[in-house]
file my_file_37.cif (mmCIF, C-alpha atoms)
data_work
#
loop_
_atom_site.label_atom_id
_atom_site.label_comp_id
_atom_site.auth_asym_id
_atom_site.auth_seq_id
_atom_site.Cartn_x
_atom_site.Cartn_y
_atom_site.Cartn_z
CA MET A 1 -67.65 7.77 -47.31
CA ALA A 2 -64.38 5.90 -47.31
CA GLU A 3 -63.35 4.36 -44.07
CA LEU A 4 -59.82 5.13 -42.81
CA MET A 5 -57.61 2.20 -41.86
CA ASP A 6 -54.68 2.07 -39.42
CA GLU A 7 -51.35 0.37 -40.17
CA TYR A 8 -52.80 -3.01 -39.18
CA GLY A 9 -55.81 -2.77 -41.45
CA ARG A 10 -58.33 -2.00 -38.73
CA PRO A 11 -60.94 0.67 -39.32
CA GLN A 12 -60.16 3.93 -37.60
CA THR A 13 -62.90 6.03 -36.05
CA PRO A 14 -62.73 9.77 -35.52
CA GLY A 15 -61.85 10.99 -32.00
CA ALA A 16 -64.06 13.07 -29.74
CA SER A 17 -62.90 16.26 -31.46
CA GLY A 18 -63.98 14.93 -34.82
CA LYS A 19 -60.41 14.71 -36.14
CA GLN A 20 -58.71 11.54 -37.28
CA GLY A 21 -55.63 10.28 -35.45
CA GLY A 22 -54.89 11.10 -31.83
CA VAL A 23 -52.98 9.10 -29.29
CA THR A 24 -53.73 5.44 -29.46
CA ARG A 25 -53.52 3.16 -26.48
CA ARG A 26 -50.36 1.62 -27.97
CA LYS A 27 -48.66 5.05 -28.34
CA PHE A 28 -49.73 6.06 -24.85
CA LEU A 29 -48.23 2.92 -23.32
CA SER A 30 -45.00 3.23 -25.34
CA TYR A 31 -44.60 6.88 -24.23
CA GLY A 32 -45.28 5.88 -20.62
CA ILE A 33 -42.78 3.01 -20.70
CA GLY A 34 -40.21 5.25 -22.39
CA GLY A 35 -40.72 7.93 -19.73
CA ILE A 36 -40.38 5.41 -16.91
CA GLY A 37 -37.21 3.99 -18.53
CA THR A 38 -35.75 7.48 -18.87
CA ALA A 39 -36.51 8.25 -15.22
CA ILE A 40 -34.83 5.01 -14.08
CA ALA A 41 -31.76 5.69 -16.25
CA ALA A 42 -31.49 9.24 -14.87
CA ALA A 43 -31.82 7.97 -11.30
CA LEU A 44 -29.02 5.45 -11.88
CA LEU A 45 -26.71 7.84 -13.75
CA TYR A 46 -27.11 10.84 -11.41
CA PRO A 47 -24.83 9.48 -8.63
CA ILE A 48 -22.22 8.29 -11.15
CA VAL A 49 -22.07 11.65 -12.94
CA GLY A 50 -22.08 13.45 -9.58
CA TYR A 51 -19.15 11.38 -8.34
CA ALA A 52 -17.16 11.92 -11.52
CA ALA A 53 -17.86 15.66 -11.70
CA SER A 54 -17.63 16.56 -7.99
CA PRO A 55 -13.87 17.31 -7.98
CA ALA A 56 -14.46 19.98 -10.62
CA PHE A 57 -16.95 21.73 -8.35
CA SER A 58 -15.19 21.30 -5.01
CA THR A 59 -14.05 24.45 -3.27
CA GLY A 60 -10.53 23.13 -2.69
CA LYS A 61 -10.05 25.19 0.45
CA GLU A 62 -6.43 25.52 1.45
CA GLN A 63 -5.69 24.52 5.00
CA TRP A 64 -2.84 26.28 6.78
CA ILE A 65 -1.63 24.81 10.05
CA ALA A 66 0.26 26.78 12.67
CA VAL A 67 3.43 24.92 13.65
CA GLY A 68 4.90 27.49 16.02
CA ASN A 69 6.07 31.04 16.59
CA VAL A 70 8.95 32.33 14.52
CA THR A 71 10.86 32.89 17.77
CA ASP A 72 10.65 29.14 18.54
CA PHE A 73 13.17 28.36 15.78
CA SER A 74 16.89 29.09 16.21
CA PRO A 75 18.80 30.06 13.07
CA ASN A 76 20.56 27.14 11.32
CA GLN A 77 19.25 24.62 13.88
CA PRO A 78 16.84 22.20 12.14
CA GLN A 79 13.89 21.35 14.30
CA LYS A 80 11.41 18.52 13.79
CA VAL A 81 7.87 19.80 14.35
CA GLU A 82 4.86 17.58 15.00
CA PHE A 83 1.40 18.93 14.25
CA SER A 84 -2.12 17.71 13.62
CA TYR A 85 -4.90 18.88 11.34
CA LYS A 86 -8.40 17.84 10.36
CA LYS A 87 -8.92 16.07 7.05
CA LEU A 88 -12.24 15.22 5.38
CA ASP A 89 -12.22 11.50 4.52
CA GLY A 90 -15.45 10.70 2.72
CA TRP A 91 -18.15 11.74 5.17
CA MET A 92 -15.91 11.68 8.24
CA THR A 93 -13.54 14.31 9.54
CA VAL A 94 -10.35 12.63 10.69
CA GLU A 95 -7.55 14.06 12.82
CA GLN A 96 -4.27 13.58 10.90
CA LYS A 97 -0.87 13.78 12.56
CA SER A 98 2.16 14.84 10.59
CA THR A 99 5.67 16.24 10.94
CA CYS A 100 8.00 18.55 9.07
CA TRP A 101 11.55 19.86 9.48
CA VAL A 102 11.90 23.62 9.94
CA VAL A 103 15.22 25.36 9.31
CA ALA A 104 15.24 29.05 10.22
CA LYS A 105 17.65 31.19 8.23
CA ASP A 106 16.57 34.23 10.25
CA SER A 107 13.29 35.41 11.80
CA ALA A 108 11.69 35.95 8.39
CA ASN A 109 13.26 33.30 6.14
CA PHE A 110 12.66 29.58 6.57
CA ASP A 111 13.06 26.27 4.79
CA VAL A 112 10.36 23.74 5.64
CA PHE A 113 10.98 20.17 4.50
CA ASN A 114 8.78 17.13 4.06
CA PRO A 115 9.91 14.51 6.63
CA LYS A 116 10.40 11.75 4.02
CA CYS A 117 13.55 10.90 2.11
CA THR A 118 13.19 11.43 -1.64
CA HIS A 119 14.66 7.98 -2.33
CA LEU A 120 12.05 5.62 -0.86
CA GLY A 121 10.13 7.76 1.63
CA CYS A 122 12.00 6.72 4.77
CA ALA A 123 12.12 9.08 7.76
CA TYR A 124 15.44 10.88 8.03
CA HIS A 125 16.93 12.72 11.02
CA TRP A 126 19.28 15.61 11.74
CA ASP A 127 22.73 14.61 12.96
CA GLN A 128 24.05 17.50 15.05
CA ASN A 129 27.64 16.16 15.06
CA GLU A 130 27.86 15.87 11.27
CA THR A 131 25.48 18.83 10.66
CA LYS A 132 23.63 16.84 8.01
CA PHE A 133 20.29 15.14 7.48
CA LEU A 134 20.87 11.38 7.40
CA CYS A 135 18.54 8.68 6.10
CA PRO A 136 19.31 5.38 7.85
CA CYS A 137 17.62 3.14 5.27
CA HIS A 138 19.92 3.46 2.26
CA GLY A 139 22.55 6.00 3.26
CA GLY A 140 20.99 9.19 1.89
CA VAL A 141 22.78 12.35 3.08
CA TYR A 142 21.48 15.93 2.73
CA ASP A 143 22.90 19.27 3.80
CA ILE A 144 21.00 21.87 5.85
CA THR A 145 19.46 23.33 2.66
CA GLY A 146 18.08 19.90 1.66
CA LYS A 147 20.57 19.34 -1.17
CA VAL A 148 21.71 15.73 -1.76
CA LEU A 149 25.32 15.15 -0.68
CA ALA A 150 25.57 11.35 -0.94
CA GLY A 151 23.58 8.18 -1.43
CA PRO A 152 20.82 7.13 -3.79
CA PRO A 153 18.24 9.97 -3.39
CA PRO A 154 17.34 11.30 -6.85
CA ARG A 155 16.69 14.90 -5.77
CA SER A 156 16.85 17.35 -2.89
CA LEU A 157 14.42 17.17 0.02
CA ASP A 158 10.88 18.18 -0.86
CA LYS A 159 9.87 21.57 0.50
CA VAL A 160 6.53 22.21 2.16
CA PRO A 161 4.73 25.48 1.31
CA PHE A 162 4.64 27.85 4.27
CA LYS A 163 3.69 31.41 5.12
CA LEU A 164 4.07 33.81 8.00
CA GLU A 165 1.09 35.45 9.67
CA GLY A 166 2.28 37.87 12.29
CA ASP A 167 4.69 35.89 14.45
CA LYS A 168 3.18 32.47 13.48
CA LEU A 169 4.73 30.03 11.03
CA LEU A 170 2.05 28.17 9.07
CA VAL A 171 2.49 25.18 6.74
CA LYS A 172 0.10 24.09 4.03
CA GLY A 173 -1.88 21.02 5.01
CA ALA A 174 -2.78 18.16 2.70
#

call {"tool": "encode", "arguments": {"input": "my_file_37.cif", "output": "structure tokens"}}
result
Amino acid sequence: MAELMDEYGRPQTPGASGKQGGVTRRKFLSYGIGGIGTAIAAALLYPIVGYAASPAFSTGKEQWIAVGNVTDFSPNQPQKVEFSYKKLDGWMTVEQKSTCWVVAKDSANFDVFNPKCTHLGCAYHWDQNETKFLCPCHGGVYDITGKVLAGPPPRSLDKVPFKLEGDKLLVKGA
């Protein structure tokens, strides 16, 4: 009977089942090392893939913040409103403070403006005597509707999304 040889020229003996072949020690070790390497690679890549893909799976809950009752705002009298809201920053929840300008047209129609000038982000203010929003940094001037009247600002004041719930005025948080 002819003796079977492996790739290295060594005689091969039949396994316990009587069949030739089977898993050699070398194949077993290479499969084991390959499996361990795959497990390590998966353990290292899991956090990276999770970080990159997490925004796609986030709920993106909208946060609406009550800034006052609709009766608190007089028509055509801009009012600066300060408010705070909770923001998730990594693993911590942080209390953020912010402001906005509210201009009531009537009890159901409002303009809510971001408090930063559209030129360089400076804080502007309402000048009651001139009935205009004035930015002291570079001379930006806006009317009561947020439209640019003078100065370097490239566009009108940015509006903040808002909604009414009953008699409450709510603005969209960041």

call {"tool": "atom_distance", "arguments": {"input": "my_file_37.cif", "atom1": "atom CA of A:Val141", "atom2": "atom CA of A:His125"}}
result
9.9 Å

call {"tool": "resolve_selection", "arguments": {"input": "my_file_37.cif", "expression": "the PyMOL selection byres ((chain A and resi 87) around 12)", "output": "PyMOL selection string"}}
result
chain A and resi 61-65+84-86+88-98+173-174

call {"tool": "closest_atom_pairs", "arguments": {"input": "my_file_37.cif", "of": "stretch 123-145 of chain A", "to": "stretch 66-77 of chain A", "cutoff": "12 Å", "atoms": "all atoms listed in the file", "output": "JSON lines"}}
result
{"residue": "A:Trp126", "atom": "CA", "partner": "A:Gln77", "partner_atom": "CA", "distance": 9.3}
{"residue": "A:Asp127", "atom": "CA", "partner": "A:Gln77", "partner_atom": "CA", "distance": 10.6}
{"residue": "A:Gln128", "atom": "CA", "partner": "A:Gln77", "partner_atom": "CA", "distance": 8.7}
{"residue": "A:Asn129", "atom": "CA", "partner": "A:Gln77", "partner_atom": "CA", "distance": 12.0}
{"residue": "A:Thr131", "atom": "CA", "partner": "A:Gln77", "partner_atom": "CA", "distance": 9.1}
{"residue": "A:Lys132", "atom": "CA", "partner": "A:Gln77", "partner_atom": "CA", "distance": 10.7}
{"residue": "A:Phe133", "atom": "CA", "partner": "A:Gln77", "partner_atom": "CA", "distance": 11.5}
{"residue": "A:Asp143", "atom": "CA", "partner": "A:Asn76", "partner_atom": "CA", "distance": 11.1}
{"residue": "A:Ile144", "atom": "CA", "partner": "A:Asn76", "partner_atom": "CA", "distance": 7.6}
{"residue": "A:Thr145", "atom": "CA", "partner": "A:Asn76", "partner_atom": "CA", "distance": 9.5}

call {"tool": "closest_residue", "arguments": {"input": "my_file_37.cif", "among": "A:Leu120, A:Val171, A:Ile33, A:Leu44", "to": "A:Thr99", "atoms": "only C-alpha atoms"}}
result
A:Val171

call {"tool": "closest_residue", "arguments": {"input": "my_file_37.cif", "among": "A:Cys100, A:Leu164, A:Leu4, A:Val148", "to": "A:Glu82", "atoms": "all atoms listed in the file"}}
result
A:Cys100

call {"tool": "axis_aligned_box", "arguments": {"input": "my_file_37.cif", "around": "stretch 157-170 of chain A", "padding_each_side": "5 Å", "output": "AutoDock Vina command-line options"}}
result
--center_x 7.8 --center_y 27.5 --center_z 6.8 --size_x 23.3 --size_y 30.7 --size_z 25.3

call {"tool": "closest_residue", "arguments": {"input": "my_file_37.cif", "among": "A:Cys117, A:Ala53, A:Leu45, A:Leu149", "to": "A:Pro136", "atoms": "only C-alpha atoms"}}
result
A:Cys117

call {"tool": "atom_distance", "arguments": {"input": "my_file_37.cif", "atom1": "atom CA of A:Phe28", "atom2": "atom CA of A:Ala42"}}
result
21.0 Å

call {"tool": "atom_distance", "arguments": {"input": "my_file_37.cif", "atom1": "atom CA of A:Val160", "atom2": "atom CA of A:Gln79"}}
result
14.2 Å

call {"tool": "residues_around", "arguments": {"input": "my_file_37.cif", "residues": "A:Pro152", "least_positions_apart": "2", "cutoff": "8 Å", "atoms": "all atoms listed in the file", "output": "JSON list (two decimals) with C-alpha atoms, in the coordinates of the input"}}
result
[["chain", "number", "residue", "atom", "x", "y", "z"],
["A", 119, "HIS", "CA", 14.66, 7.98, -2.33],
["A", 138, "HIS", "CA", 19.92, 3.46, 2.26],
["A", 139, "GLY", "CA", 22.55, 6.00, 3.26],
["A", 140, "GLY", "CA", 20.99, 9.19, 1.89],
["A", 150, "ALA", "CA", 25.57, 11.35, -0.94],
["A", 154, "PRO", "CA", 17.34, 11.30, -6.85]]

call {"tool": "resolve_selection", "arguments": {"input": "my_file_37.cif", "expression": "the PyMOL selection byres ((chain A and resi 162) around 6)", "output": "list in words"}}
result
Pro161, Lys163, Leu170, Val171 and Lys172 of chain A

call {"tool": "resolve_selection", "arguments": {"input": "my_file_37.cif", "expression": "the PyMOL selection byres ((chain A and resi 115) around 10)", "output": "short mmCIF file (atom, residue, chain, number, x, y, z; two decimals) with C-alpha atoms, in the frame of the given file"}}
result
data_model
loop_
_atom_site.label_atom_id
_atom_site.label_comp_id
_atom_site.auth_asym_id
_atom_site.auth_seq_id
_atom_site.Cartn_x
_atom_site.Cartn_y
_atom_site.Cartn_z
CA LYS A 80 11.41 18.52 13.79
CA VAL A 81 7.87 19.80 14.35
CA SER A 98 2.16 14.84 10.59
CA THR A 99 5.67 16.24 10.94
CA CYS A 100 8.00 18.55 9.07
CA TRP A 101 11.55 19.86 9.48
CA VAL A 102 11.90 23.62 9.94
CA VAL A 112 10.36 23.74 5.64
CA PHE A 113 10.98 20.17 4.50
CA ASN A 114 8.78 17.13 4.06
CA LYS A 116 10.40 11.75 4.02
CA CYS A 117 13.55 10.90 2.11
CA THR A 118 13.19 11.43 -1.64
CA GLY A 121 10.13 7.76 1.63
CA CYS A 122 12.00 6.72 4.77
CA ALA A 123 12.12 9.08 7.76
CA TYR A 124 15.44 10.88 8.03
CA HIS A 125 16.93 12.72 11.02
CA LEU A 157 14.42 17.17 0.02
CA ASP A 158 10.88 18.18 -0.86
CA LYS A 159 9.87 21.57 0.50
CA VAL A 160 6.53 22.21 2.16
#
